[in-house]
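The structure appears right after this line, and notes come after that.
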Amino acid sequence: MSVTAATSPSVGSFHPSCRRSTRLAALPRFRMSVRSAAVSVTPLVTELRKDCTTPLPLLRHVADAMAADMRAGLAVEGGSDLKMILSYVDSLPTGNEKGLFYALDLGGTNFRVLRVQLGGKEERVIATEFDQVPIPKDLMFGTSEELFDFIASGLAQFAQNEGNKFHLPTGTKREIGFTFSFPVKQTAVDSGILIKWTKGFSVSGTAGRDVVACLNEAMERLGLDMRVSALVNDTVGTLAGARYWDDDVMVAVILGTGTNACYVERVDAIPKLQDHASSGSTIINTEWGAFSKGLPLTEFDRDMDAASINPGEQIFEKTISGMYLGEIVRRVLLKMAEADALFGDSILEKLSTPFVLGTPDLCAMQQDTSDDLQDVGSILYNVAGVESNPSARKIVVEVCDTIVKRGGRLAGAGIVGILQKMEEDSKGVIFGKRTVVAMDGGLYENYPQYRTYLSEAVTELLGDDSAKNVVIEHSKDGSGIGAALLAAANSKYHSHDS
């Protein structure tokens, strides 16, 4: 198993890293009234470790179940927890693309715009520029027209500032790859119907409409002469961005606040795909966060799920992704504090606040190698409002490690499930040669222990021989440039791709 850094250039990353230096202040000098917690909490730690354990047979079961769910989701719409959404991306970047292409990424409280000048196989990426525009709060609750007019005007402003490194071939329009990270029913490579807004957006008049048409109409109202040639999910964009630099990329996984995976699938292996060419390949967006079979869950997972806005849904995501790892640890520590006075007489008001402890805090605590775990103590005091002695801090680090180890190893099993399904269909095409899994997301990028646990699980499951051929490669912010590359690969001006 080799873990390498991607060779693709970074176009900027907006993921949080371990908040080590910014979150830590020196512990105040107070009288610690924390009794030794090591003995009384041991049964709870032991039980947690037992409930979260991920031995090889369990990982194998998860990988097998993931592969089976993928097949069921490909057979018929609604056939499994995994939606297995068709991306309609049948043309991946080859490196031959030439010209000027844009990308627009709407997936949260900012939207990003990027342009790239491509020079074909010899010159590849000649130049890139990007910008980020915050979306005013009122537009997140306004009308569809208002939101898309604002986005189009930001895009127009960005397009006006093209430097002399960027050249549009004569007789062509500027083409855009549109990364839209909300639930969409894709109907073609350049169109998709919005199912519903999520992530705090509640925009009227868009649900049930083609989001590409909404953007195109806004650009027309502004007199902006551009067209969307690819509508992509961020995971699909990551795969395309990594594939441009490396033909062996077959899978892309995002492990950040949330998580998802996509992969290259043979068209003849998709029974639910009718009225489509029966040869060639396409990218399938698994939406694997919804997977739920055979996962080792604890009372803390079940309580967190019950209190969430989507109980019973996205169970895999809630077990492995950055949004939730800190919250699971907080719930464990709160129980230990209430049942066994882990933090002595500390007031538990802050620790009782959902999501007060972030995954970057866990990461920072796990990097503390000092004898008395001073950084751990500072984070517990500053973030969770509790006092701690060295033995309590050791227990905290062990709890963090238990939850993160389970998450990383289950993510590794999910990756093997995807590879296994591809291998079963292609007999040797995956494990018999170099196969690259492109990774993006702040959790994978910034949490070394998580990365290690993921890699170890993949190697254990595949065995040393097959694992040698599987490369897990970090592709930092591949989705931004990937969308522009997909615009190029799906350009209506095919001479670009000569």
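By order of appearance in the structure tokens: chains A, B, ..., then residues from 1 within every chain, and ligands from 1 in the order shown.
Every protein, DNA or RNA residue with an atom at most 7 Å from range 53-60 of chain A, where only C-alpha atoms count and chain neighbours fewer than 3 positions away do not, is listed here: Arg49, Lys50, Ala63, Asp64, Arg406, Leu410, Ala413 and Leu461 of chain A.
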Save out the residues we just selected, N, CA and C atoms, as a PDB file, in the first residue's frame.
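Writing done, so here's selection.pdb:
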```pdb
ATOM      1  N   ARG A  49     -14.137   0.495  23.637  1.00  0.00           N
ATOM      2  CA  ARG A  49     -13.172  -0.135  22.736  1.00  0.00           C
ATOM      3  C   ARG A  49     -13.773  -1.401  22.121  1.00  0.00           C
ATOM      4  N   LYS A  50     -14.471  -2.164  22.940  1.00  0.00           N
ATOM      5  CA  LYS A  50     -15.089  -3.423  22.464  1.00  0.00           C
ATOM      6  C   LYS A  50     -16.175  -3.123  21.417  1.00  0.00           C
ATOM      7  N   ALA A  63     -17.003  -4.512   3.625  1.00  0.00           N
ATOM      8  CA  ALA A  63     -16.594  -4.390   2.212  1.00  0.00           C
ATOM      9  C   ALA A  63     -17.531  -5.198   1.309  1.00  0.00           C
ATOM     10  N   ASP A  64     -17.858  -6.430   1.731  1.00  0.00           N
ATOM     11  CA  ASP A  64     -18.770  -7.274   0.940  1.00  0.00           C
ATOM     12  C   ASP A  64     -20.152  -6.640   0.833  1.00  0.00           C
ATOM     13  N   ARG A 406     -11.890   3.609  14.438  1.00  0.00           N
ATOM     14  CA  ARG A 406     -13.069   2.970  13.843  1.00  0.00           C
ATOM     15  C   ARG A 406     -13.445   3.674  12.533  1.00  0.00           C
ATOM     16  N   LEU A 410     -13.213   1.861   8.857  1.00  0.00           N
ATOM     17  CA  LEU A 410     -14.459   1.632   8.107  1.00  0.00           C
ATOM     18  C   LEU A 410     -14.410   2.324   6.743  1.00  0.00           C
ATOM     19  N   ALA A 413     -12.512   0.099   4.548  1.00  0.00           N
ATOM     20  CA  ALA A 413     -13.330  -1.045   4.120  1.00  0.00           C
ATOM     21  C   ALA A 413     -14.288  -0.637   3.000  1.00  0.00           C
ATOM     22  N   LEU A 461      -7.190  -5.862   4.257  1.00  0.00           N
ATOM     23  CA  LEU A 461      -8.261  -6.486   3.480  1.00  0.00           C
ATOM     24  C   LEU A 461      -7.767  -7.054   2.154  1.00  0.00           C
TER      25      LEU A 461
END
```
Checklist entry - Looking only at the backbone, which of the residues in range 25-149 of chain A does DSSP tag as alpha helix (DSSP H), as an NGL selection string? => result :A and (38-52 or 56-75 or 120-123 or 144-149)
Item to check | In range 276-332 of chain A, DSSP strand (DSSP E) residues written as a list of chain:residue names | outcome: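 Going through range 276-332 of chain A, the strand (DSSP E) residues come out as A:Ser281, A:Thr282, A:Ile283, A:Ile284, A:Asn285.
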File of the preceding selection, N, CA and C atoms, as a short mmCIF file (atom, residue, chain, number, x, y, z; two decimals), in the first residue's frame:
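Here's the written file selection_21.cif:
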```cif
data_model
loop_
_atom_site.label_atom_id
_atom_site.label_comp_id
_atom_site.auth_asym_id
_atom_site.auth_seq_id
_atom_site.Cartn_x
_atom_site.Cartn_y
_atom_site.Cartn_z
N SER A 281 -17.64 3.50 -20.72
CA SER A 281 -17.75 3.61 -19.27
C SER A 281 -18.29 4.98 -18.89
N THR A 282 -18.72 5.08 -17.64
CA THR A 282 -19.26 6.33 -17.11
C THR A 282 -18.89 6.41 -15.63
N ILE A 283 -19.07 7.60 -15.04
CA ILE A 283 -18.80 7.73 -13.59
C ILE A 283 -20.11 7.56 -12.82
N ILE A 284 -20.04 6.73 -11.79
CA ILE A 284 -21.19 6.55 -10.90
C ILE A 284 -20.90 7.24 -9.57
N ASN A 285 -21.84 8.08 -9.14
CA ASN A 285 -21.78 8.75 -7.85
C ASN A 285 -22.53 7.87 -6.85
#
```
Tell me, counting only C-alpha atoms, for each residue of range 124-241 of chain A within 12 Å of range 74-85 of chain A, which pair of atoms is nearest and how far apart they are in Å to one decimal, in rows ordered by chain and increasing number, as a Markdown table.
```
| residue | atom | partner | partner_atom | distance |
| --- | --- | --- | --- | --- |
| A:Pro183 | CA | A:Ile85 | CA | 10.4 |
| A:Val184 | CA | A:Ile85 | CA | 9.4 |
| A:Lys185 | CA | A:Ile85 | CA | 8.0 |
| A:Gln186 | CA | A:Ile85 | CA | 7.8 |
| A:Thr187 | CA | A:Ile85 | CA | 10.4 |
| A:Ala188 | CA | A:Ile85 | CA | 11.7 |
| A:Gly192 | CA | A:Ile85 | CA | 11.6 |
| A:Val232 | CA | A:Ile85 | CA | 11.4 |
| A:Asn233 | CA | A:Ile85 | CA | 10.2 |
| A:Thr235 | CA | A:Ile85 | CA | 11.9 |
| A:Val236 | CA | A:Ile85 | CA | 10.9 |
```
Could you write out that same residue set with C-alpha atoms as a PDB file, in the first residue's frame?
```pdb
ATOM      1  CA  PRO A 183     -29.227  16.795  -4.265  1.00  0.00           C
ATOM      2  CA  VAL A 184     -29.865  16.736  -8.013  1.00  0.00           C
ATOM      3  CA  LYS A 185     -31.506  14.252 -10.382  1.00  0.00           C
ATOM      4  CA  GLN A 186     -29.042  14.388 -13.246  1.00  0.00           C
ATOM      5  CA  THR A 187     -30.716  14.085 -16.659  1.00  0.00           C
ATOM      6  CA  ALA A 188     -27.699  14.696 -18.931  1.00  0.00           C
ATOM      7  CA  GLY A 192     -30.047  18.239 -13.641  1.00  0.00           C
ATOM      8  CA  VAL A 232     -20.931  17.801 -11.788  1.00  0.00           C
ATOM      9  CA  ASN A 233     -20.967  16.624  -8.210  1.00  0.00           C
ATOM     10  CA  THR A 235     -16.696  13.912  -5.945  1.00  0.00           C
ATOM     11  CA  VAL A 236     -17.002  13.431  -9.717  1.00  0.00           C
TER      12      VAL A 236
END
```
Checklist entry - From the list A:Ile135, A:Leu92, A:Ala339, A:Val329, which residue is nearest Phe201 in chain A when using only C-alpha atoms? => result A:Ile135
Next on the checklist: Which residue is closest to Leu325 in chain A? Choose from A:Ala207, A:Met304, A:Ala252, A:Ile151 and count only C-alpha atoms.
Outcome noted: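 Closest to Leu325 in chain A, using only C-alpha atoms: A:Met304.
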Next on the checklist: List the spatial neighbours of Pro93 in chain A as a PyMOL selection string - criterion: any atom at most 10 Å away, only C-alpha atoms, same-chain residues fewer than 6 positions off excluded.
Outcome noted: chain A and resi 239-245+247+482+484-490+497
Next on the checklist: I'd like the interatomic distance between CA of Met439 in chain A and CA of Glu97 in chain A, to a tenth of an Å.
Outcome noted: 23.4 Å
Item to check | Computed interatomic separation between CA of Arg209 in chain A and CA of Ser191 in chain A (Å) | outcome: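 Going from CA of Arg209 in chain A over to CA of Ser191 in chain A, I get 9.8 Å.
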Checklist entry - Out of A:Val399, A:Val212, A:Val251, A:Ala269, which residue has the shortest atom-to-atom distance to Ile430 in chain A when counting only C-alpha atoms? => result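 Of A:Val399, A:Val212, A:Val251, A:Ala269, the one nearest Ile430 in chain A, counting only C-alpha atoms, is A:Val251.
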Item to check | Selection: 7 Å around Leu215 in chain A, only C-alpha atoms, excl. self and same-chain fewer than 3 positions, as number ranges by chain | outcome: A: 148, 152, 211-212, 218-219
Next on the checklist: So that I can check the surroundings of Thr319 in chain A, please list as a ChimeraX atom specification every protein, DNA and RNA residue that reaches within 10 Å of it, counting only C-alpha atoms and ignoring chain neighbours fewer than 2 positions away.
Outcome noted: /A:289,292,295-297,301,305,314-317,321-325,328,403-404,406-408,410-411
For the residues selected in the previous step, produce a file with C-alpha atoms as a compact mmCIF listing (two decimals), in the first residue's frame.
```
# COMPACT_ATOMS: atom_id res chain seq x y z
CA GLY A 289 -22.80 8.20 3.14
CA SER A 292 -25.54 1.28 6.91
CA LEU A 295 -21.36 -1.11 11.13
CA PRO A 296 -20.18 -1.40 14.76
CA LEU A 297 -22.36 1.25 16.43
CA ASP A 301 -23.88 6.84 17.78
CA ASP A 305 -28.39 9.91 15.20
CA GLN A 314 -26.48 8.78 6.42
CA ILE A 315 -25.25 6.27 9.04
CA PHE A 316 -21.90 5.58 7.31
CA GLU A 317 -21.29 9.34 7.04
CA SER A 321 -16.84 11.86 8.49
CA GLY A 322 -15.42 15.03 10.03
CA MET A 323 -18.73 16.60 11.01
CA TYR A 324 -19.52 13.83 13.49
CA LEU A 325 -16.32 12.37 15.00
CA ILE A 328 -19.34 11.24 19.22
CA ILE A 403 -13.52 6.72 17.55
CA VAL A 404 -11.04 7.89 14.89
CA ARG A 406 -13.07 2.97 13.84
CA GLY A 407 -13.86 5.77 11.34
CA GLY A 408 -10.62 5.42 9.37
CA LEU A 410 -14.46 1.63 8.11
CA ALA A 411 -13.65 4.20 5.39
```
Checklist entry - In terms of the shortest atom-to-atom distance over only C-alpha atoms, which of A:Ala290, A:Leu86, A:Val436, A:Val249 is closest to Ala467 in chain A? => result A:Val436
Checklist entry - In Å, with one decimal, what is the gap from CA of Gly208 in chain A to CA of Ile195 in chain A? => result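 A separation of 6.1 Å between them.
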Next on the checklist: If we count only C-alpha atoms and set the cut-off at 8 Å, which residues sit around Val376 in chain A, ignoring sequence neighbours fewer than 6 positions away in its own chain? Please answer as a list in words.
Outcome noted: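 Near Val376 in chain A, the qualifying residues are Ala364, Met365, Asp368, Arg393 and Val397 of chain A.
The closest residue to Gly237 in chain A, picked from A:Val45, A:Ala103, A:Val62, A:Val113 and counting only C-alpha atoms, is A:Ala103.
Shortest atom-to-atom contact with Ile472 in chain A among A:Phe355, A:Phe178, A:Tyr444, A:Phe158: A:Tyr444, counting only C-alpha atoms.
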